[in-house]
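To be precise, the following lines are data_9.csv, and they hold CSV, C-alpha atoms.
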```csv
chain,number,residue,atom,x,y,z
A,1,MET,CA,2.7,-4.3,6.2
A,2,LEU,CA,1.5,-2.2,9.1
A,3,SER,CA,2.6,1.2,7.8
A,4,GLU,CA,0.4,2.7,5.1
A,5,PRO,CA,2.4,2.8,1.9
A,6,ARG,CA,3.0,6.2,0.3
A,7,SER,CA,1.6,4.9,-3.0
A,8,GLY,CA,-1.6,4.0,-1.1
A,9,ARG,CA,-2.0,7.6,0.2
A,10,LEU,CA,-1.3,9.1,-3.2
A,11,ALA,CA,-3.7,6.8,-5.0
A,12,ALA,CA,-6.5,7.2,-2.5
A,13,TRP,CA,-6.4,10.9,-2.2
A,14,GLY,CA,-5.5,11.4,-5.9
A,15,ASN,CA,-8.6,9.5,-6.8
A,16,ALA,CA,-10.7,11.6,-4.4
A,17,LEU,CA,-9.3,14.7,-6.1
A,18,LEU,CA,-9.9,13.4,-9.6
A,19,ALA,CA,-13.5,12.7,-8.6
A,20,GLY,CA,-13.9,16.2,-7.3
A,21,LEU,CA,-14.6,15.1,-3.7
A,22,VAL,CA,-11.6,17.0,-2.1
A,23,SER,CA,-9.7,20.1,-2.8
A,24,PRO,CA,-6.1,20.0,-4.3
A,25,ASP,CA,-4.7,21.3,-1.0
A,26,ASP,CA,-6.5,18.6,1.1
A,27,ALA,CA,-5.4,15.9,-1.3
A,28,VAL,CA,-1.7,17.0,-1.2
A,29,LEU,CA,-1.8,17.5,2.6
A,30,ALA,CA,-3.1,14.0,3.2
A,31,THR,CA,-0.7,12.4,0.7
A,32,VAL,CA,2.4,14.1,2.1
A,33,GLY,CA,1.5,13.2,5.7
A,34,ASP,CA,4.5,13.5,8.0
A,35,ASP,CA,6.9,13.8,5.2
A,36,ALA,CA,8.5,17.2,4.4
A,37,VAL,CA,7.7,17.4,0.7
A,38,HIS,CA,6.7,15.4,-2.3
A,39,ARG,CA,7.7,16.2,-5.9
A,40,VAL,CA,7.2,14.5,-9.2
A,41,GLU,CA,9.9,14.3,-12.0
A,42,GLY,CA,9.6,13.1,-15.5
A,43,LEU,CA,6.1,14.4,-16.3
A,44,PRO,CA,5.5,15.1,-20.0
A,45,GLY,CA,5.8,18.8,-20.6
A,46,GLU,CA,7.8,19.5,-17.5
A,47,ALA,CA,11.6,20.1,-17.6
A,48,GLY,CA,12.2,19.3,-14.0
A,49,PRO,CA,10.5,18.2,-10.7
A,50,VAL,CA,7.2,19.8,-9.8
A,51,GLY,CA,5.0,19.8,-6.8
A,52,LEU,CA,2.2,17.3,-6.2
A,53,THR,CA,-0.6,19.9,-6.9
A,54,LEU,CA,0.7,20.7,-10.4
A,55,ALA,CA,1.6,17.0,-11.0
A,56,LEU,CA,-1.9,15.8,-10.3
A,57,GLY,CA,-3.4,18.5,-12.4
A,58,ARG,CA,-1.0,17.6,-15.3
A,59,LEU,CA,-1.9,13.9,-15.0
A,60,ARG,CA,-5.6,14.8,-15.3
A,61,THR,CA,-4.9,16.8,-18.5
A,62,LEU,CA,-3.0,13.8,-19.9
A,63,GLY,CA,-6.1,11.7,-19.5
A,64,VAL,CA,-5.7,10.1,-16.1
A,65,THR,CA,-9.1,9.3,-14.5
A,66,GLY,CA,-7.9,7.1,-11.7
A,67,LEU,CA,-4.9,5.7,-9.8
A,68,ARG,CA,-4.1,2.1,-8.8
A,69,VAL,CA,-1.5,0.8,-6.4
A,70,ALA,CA,1.1,-1.9,-6.9
A,71,LEU,CA,3.0,-3.5,-4.0
A,72,PRO,CA,5.4,-6.0,-5.6
A,73,ALA,CA,7.8,-8.3,-3.9
A,74,PRO,CA,10.4,-10.7,-5.2
A,75,GLY,CA,8.6,-13.3,-7.3
A,76,HIS,CA,5.3,-11.5,-6.9
A,77,PRO,CA,4.7,-8.6,-9.4
A,78,LEU,CA,1.5,-7.6,-7.5
A,79,GLY,CA,-0.3,-4.8,-9.3
A,80,LEU,CA,2.2,-4.3,-12.0
A,81,CYS,CA,1.6,-4.3,-15.8
A,82,GLY,CA,4.9,-3.7,-17.4
A,83,PRO,CA,7.1,-2.8,-19.1
A,84,PRO,CA,10.2,-4.4,-17.5
A,85,ALA,CA,11.9,-1.1,-16.8
A,86,PHE,CA,9.0,0.2,-14.8
A,87,ASN,CA,8.5,-3.2,-13.0
A,88,ALA,CA,12.2,-3.3,-12.0
A,89,ARG,CA,12.0,0.2,-10.5
A,90,ALA,CA,8.7,-0.5,-8.7
A,91,LEU,CA,10.1,-3.8,-7.3
A,92,GLU,CA,13.1,-2.0,-5.9
A,93,ALA,CA,10.9,0.5,-4.2
A,94,GLN,CA,8.4,-2.3,-3.3
A,95,GLU,CA,5.5,0.0,-4.3
A,96,ALA,CA,4.2,2.2,-7.2
A,97,VAL,CA,1.2,4.0,-8.5
A,98,VAL,CA,-0.2,3.1,-11.9
A,99,ALA,CA,-2.4,5.5,-13.7
A,100,TYR,CA,-5.8,4.5,-15.3
A,101,GLY,CA,-6.8,6.3,-18.5
A,102,ALA,CA,-3.2,7.2,-19.6
A,103,PRO,CA,0.0,5.1,-19.7
A,104,TYR,CA,2.0,6.5,-16.8
A,105,GLY,CA,3.2,5.2,-13.5
A,106,LEU,CA,4.9,6.8,-10.5
A,107,VAL,CA,7.6,5.2,-8.3
A,108,PRO,CA,8.7,6.9,-5.1
A,109,GLU,CA,12.4,7.5,-4.2
A,110,VAL,CA,12.6,8.4,-0.5
A,111,SER,CA,15.4,10.5,1.0
A,112,GLU,CA,15.9,10.8,4.8
A,113,ALA,CA,18.2,13.0,6.8
A,114,GLY,CA,18.6,14.0,10.5
A,115,PRO,CA,18.7,12.3,13.8
A,116,VAL,CA,16.2,9.8,15.1
A,117,GLY,CA,13.0,11.6,16.2
A,118,ASP,CA,13.7,14.5,13.9
A,119,VAL,CA,14.1,12.9,10.5
A,120,HIS,CA,13.5,15.1,7.5
A,121,VAL,CA,11.9,13.0,4.7
A,122,GLU,CA,11.6,14.0,1.1
A,123,VAL,CA,9.9,11.9,-1.6
A,124,LEU,CA,10.6,12.2,-5.4
A,125,TRP,CA,8.1,10.4,-7.5
A,126,HIS,CA,9.5,9.2,-10.9
A,127,CYS,CA,7.0,9.3,-13.7
A,128,LEU,CA,7.6,6.5,-16.2
A,129,PRO,CA,5.7,5.0,-19.1
A,130,VAL,CA,3.7,1.9,-18.3
A,131,ARG,CA,1.9,-0.7,-20.4
A,132,GLU,CA,-1.9,-0.4,-20.6
A,133,ALA,CA,-2.9,-3.9,-19.3
A,134,PRO,CA,-4.7,-5.4,-16.3
A,135,PRO,CA,-2.6,-5.3,-13.1
A,136,ALA,CA,-1.1,-8.6,-12.0
A,137,ASP,CA,-2.7,-10.8,-9.4
A,138,VAL,CA,-5.1,-8.3,-7.9
A,139,PRO,CA,-8.2,-10.0,-6.5
A,140,SER,CA,-11.7,-8.5,-6.3
A,141,LEU,CA,-12.8,-7.0,-3.0
A,142,SER,CA,-15.1,-10.0,-2.3
A,143,GLU,CA,-12.3,-12.4,-3.0
A,144,ALA,CA,-9.8,-10.4,-0.9
A,145,GLU,CA,-12.3,-10.3,2.1
A,146,ARG,CA,-12.8,-14.1,1.9
A,147,GLU,CA,-9.1,-14.8,1.6
A,148,LEU,CA,-8.2,-12.5,4.4
A,149,ALA,CA,-10.7,-14.1,6.8
A,150,GLU,CA,-9.0,-17.5,6.1
A,151,ALA,CA,-5.5,-15.9,6.4
A,152,LEU,CA,-6.3,-14.4,9.8
A,153,ARG,CA,-7.3,-17.8,11.0
A,154,ASP,CA,-4.2,-19.4,9.6
A,155,ALA,CA,-1.9,-16.8,11.0
A,156,THR,CA,-3.4,-17.2,14.5
A,157,GLU,CA,-3.0,-21.0,14.2
A,158,VAL,CA,0.6,-20.7,13.1
A,159,LEU,CA,1.5,-18.4,15.9
A,160,SER,CA,0.0,-20.7,18.4
A,161,ARG,CA,1.5,-23.8,17.0
A,162,LEU,CA,5.0,-22.3,16.9
A,163,ASP,CA,4.6,-20.8,20.4
A,164,VAL,CA,5.4,-17.3,19.2
A,165,ALA,CA,5.1,-14.9,22.2
A,166,GLY,CA,2.2,-12.5,22.0
A,167,SER,CA,3.3,-10.2,24.8
A,168,GLY,CA,6.2,-8.0,25.6
A,169,PRO,CA,7.2,-4.5,24.7
A,170,VAL,CA,7.6,-5.0,21.0
A,171,ALA,CA,4.2,-6.7,20.6
A,172,GLU,CA,2.6,-4.1,22.8
A,173,ALA,CA,4.1,-1.3,20.7
A,174,ALA,CA,2.8,-3.0,17.5
A,175,VAL,CA,-0.7,-3.3,19.0
A,176,ASP,CA,-0.6,0.3,20.2
A,177,ALA,CA,0.5,1.5,16.7
A,178,TYR,CA,-2.3,-0.4,15.0
A,179,ARG,CA,-4.9,1.0,17.4
A,180,ALA,CA,-3.6,4.5,16.9
A,181,ARG,CA,-4.0,4.1,13.1
A,182,ALA,CA,-7.5,2.6,13.5
A,183,GLU,CA,-8.6,5.5,15.7
A,184,ARG,CA,-6.9,8.1,13.5
A,185,GLY,CA,-8.4,7.4,10.2
A,186,ARG,CA,-11.6,6.1,9.1
A,187,GLU,CA,-10.8,8.2,6.0
A,188,ALA,CA,-7.6,6.3,5.3
A,189,LEU,CA,-9.0,5.5,1.8
A,190,ALA,CA,-10.3,9.0,1.3
A,191,PRO,CA,-13.8,10.0,0.3
A,192,GLY,CA,-15.4,8.1,-2.6
A,193,TYR,CA,-14.3,4.6,-1.6
A,194,PRO,CA,-16.9,1.9,-0.8
A,195,PRO,CA,-17.3,0.8,2.8
A,196,ARG,CA,-16.2,-2.7,1.9
A,197,ALA,CA,-12.8,-1.4,0.7
A,198,VAL,CA,-12.3,0.2,4.1
A,199,ARG,CA,-13.2,-3.1,5.8
A,200,VAL,CA,-10.8,-5.0,3.7
A,201,LEU,CA,-7.9,-2.6,4.3
A,202,GLU,CA,-8.5,-2.7,8.0
A,203,LEU,CA,-8.6,-6.5,8.0
A,204,ALA,CA,-5.4,-6.6,5.9
A,205,GLN,CA,-3.7,-4.3,8.5
A,206,ARG,CA,-4.9,-6.6,11.3
A,207,VAL,CA,-3.3,-9.6,9.5
A,208,GLY,CA,-0.2,-7.6,9.0
A,209,LEU,CA,-0.1,-6.8,12.7
A,210,LEU,CA,0.0,-10.5,13.6
A,211,ILE,CA,2.8,-11.1,11.0
A,212,SER,CA,4.8,-8.2,12.5
A,213,VAL,CA,4.4,-9.6,16.0
A,214,ALA,CA,5.5,-13.0,14.8
A,215,TYR,CA,8.7,-11.7,13.1
A,216,GLU,CA,9.6,-8.9,15.6
A,217,ASN,CA,8.7,-10.2,19.0
A,218,GLY,CA,11.7,-12.4,19.7
A,219,HIS,CA,11.8,-16.1,18.8
A,220,GLY,CA,9.0,-17.3,21.1
A,221,GLY,CA,9.1,-21.1,21.2
A,222,ALA,CA,10.8,-21.3,17.7
A,223,VAL,CA,14.2,-21.6,19.2
A,224,SER,CA,15.9,-23.7,16.5
A,225,ALA,CA,16.9,-22.6,13.0
A,226,SER,CA,14.6,-25.2,11.5
A,227,GLU,CA,11.7,-24.0,13.6
A,228,MET,CA,12.4,-20.3,12.7
A,229,ALA,CA,12.5,-21.3,9.0
A,230,ALA,CA,9.2,-23.2,9.4
A,231,ARG,CA,7.6,-20.1,10.9
A,232,GLY,CA,8.7,-18.0,8.0
A,233,GLU,CA,7.5,-20.6,5.5
A,234,ALA,CA,4.1,-20.7,7.2
A,235,LEU,CA,3.6,-17.0,7.4
A,236,ARG,CA,4.8,-16.1,3.8
A,237,PRO,CA,1.5,-17.0,2.1
A,238,VAL,CA,-0.4,-15.1,4.8
A,239,GLU,CA,1.7,-12.0,4.2
A,240,ARG,CA,1.1,-12.4,0.5
A,241,THR,CA,-2.7,-12.6,1.0
A,242,ALA,CA,-2.6,-9.5,3.1
A,243,ARG,CA,-0.7,-7.5,0.5
A,244,ARG,CA,-3.1,-8.6,-2.2
A,245,ALA,CA,-6.0,-7.5,-0.2
A,246,GLN,CA,-4.4,-4.2,0.6
A,247,VAL,CA,-3.9,-3.5,-3.2
A,248,ALA,CA,-7.5,-4.6,-3.9
A,249,ALA,CA,-8.8,-2.1,-1.3
A,250,TYR,CA,-6.8,0.8,-2.8
A,251,ASN,CA,-7.7,-0.1,-6.3
A,252,ALA,CA,-11.5,-0.4,-5.5
A,253,TYR,CA,-12.1,3.1,-6.8
A,254,VAL,CA,-10.8,2.3,-10.3
A,255,GLU,CA,-12.4,-1.1,-10.3
A,256,GLU,CA,-15.8,0.5,-9.7
A,257,ARG,CA,-15.2,3.0,-12.5
A,258,GLU,CA,-14.4,0.1,-14.9
A,259,ARG,CA,-17.6,-1.7,-14.0
A,260,GLY,CA,-19.8,1.3,-14.8
```

Represent the structure contained in this file as structure tokens.
Amino acid sequence: MLSEPRSGRLAAWGNALLAGLVSPDDAVLATVGDDAVHRVEGLPGEAGPVGLTLALGRLRTLGVTGLRVALPAPGHPLGLCGPPAFNARALEAQEAVVAYGAPYGLVPEVSEAGPVGDVHVEVLWHCLPVREAPPADVPSLSEAERELAEALRDATEVLSRLDVAGSGPVAEAAVDAYRARAERGREALAPGYPPRAVRVLELAQRVGLLISVAYENGHGGAVSASEMAARGEALRPVERTARRAQVAAYNAYVEERERG
């Protein structure tokens, strides 16, 4: 939850490019981030994998006017619209980009090589046909913001009730990572997104931070198997809410286009 999904970066900066708000070089640089290279295979009219710059240009010529994000999990096809073949691949990757304006979707396949601290990461996006239908279970920004405020309160109460430790090296590292991201990027959603979307994404990441602390920072007071199971059961709906809000924030650009 804390790490920005690659589908989010591609959708956000791809939308900024489609809107003419950033250059192709800037969009690709922001999308690739710390990875070595991103390519796209399966594009209509292309015999093999191509670079992101060419791929985004080709998607535009195919009629794509916006990009949405899907962050599905088992039992929760968040942001997906079918068909089953695309949904299955997106669920395996736990993320995807769904085009608006033309029936295509992109699912990342990540390859890593090298030692810790010097990992070489390549991403191959598979372009597949999708069904032109509303994405599953994506709330509006206003709904997401309201749900997140409640989820943040619930997560805090759950951690307190289960006596989950809020200190220690793992928790401190999680907090430091969150702060670094917050400082790094007020443009995480790229130019063209409404301020409310940025707010919702930041709050979703904050909720995700609490969930990560709960799962990663030892057992706290939840020392028995039943107590650990209770913690997971209590936090699952909170995590689901945070994922829904994250998708709502990334998809805000397309939702505004649909409204007018």

* Near-region 111-122 of chain A list (7 Å; all atoms listed in the file; drop same-chain fewer than 2 positions) as JSON, numbers by chain -> {"A": [35, 36, 37, 38, 109, 124]}

* Polymer residues at most 7 Å from Leu201 (chain A), all atoms listed in the file, same-chain spacing of 6 or more positions, as a PyMOL selection string -> chain A and resi 245-246+249

* Asked: Any idea what's packed within 7 Å of region 66-82 of chain A, counting all atoms listed in the file, ignoring anything in its chain fewer than 6 positions away? Could you give it as a PyMOL selection string?
  -> chain A and resi 7-8+11+14-15+18+91+94-101+130-131+133-138+247+250-251+254

* Asked: Pick the closest to Val64 (chain A) from A:Val50, A:Leu148, A:Ala102, A:Ala90: which is it, counting all atoms listed in the file?
  ->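 The closest residue to Val64 (chain A) is A:Ala102.
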
* To do: Could you tell me how far CA of Glu233 (chain A) lies from CA of Glu92 (chain A), in Å and to one decimal?
  => 22.5 Å

* Asked: Which value, in Å to one decimal, gives the distance between CA of Arg243 (chain A) and CA of Val28 (chain A)?
  -> 24.6 Å

* Asked: Quick one, how far is CA of Asp26 (chain A) from CA of Leu189 (chain A)?
  ->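 Pair CA of Asp26 (chain A) / CA of Leu189 (chain A) returns 13.4 Å.
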
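Among the candidates A:Asp34, A:Tyr104, A:Val123, A:Ala225, the one nearest to Arg58 (chain A) when counting only C-alpha atoms is A:Tyr104.
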
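Between Arg244 (chain A) and the candidates A:Val213, A:Ala151, A:Pro194, A:Ser160, the tightest atom-to-atom separation, counting all atoms listed in the file, involves A:Ala151.
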
* Asked: Which is closer to Ser23 (chain A) than all the others in A:Gly63, A:Pro191, A:Pro49, A:Pro139, using only C-alpha atoms?
  ->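 Using only C-alpha atoms, the shortest distance to Ser23 (chain A) belongs to A:Pro191.
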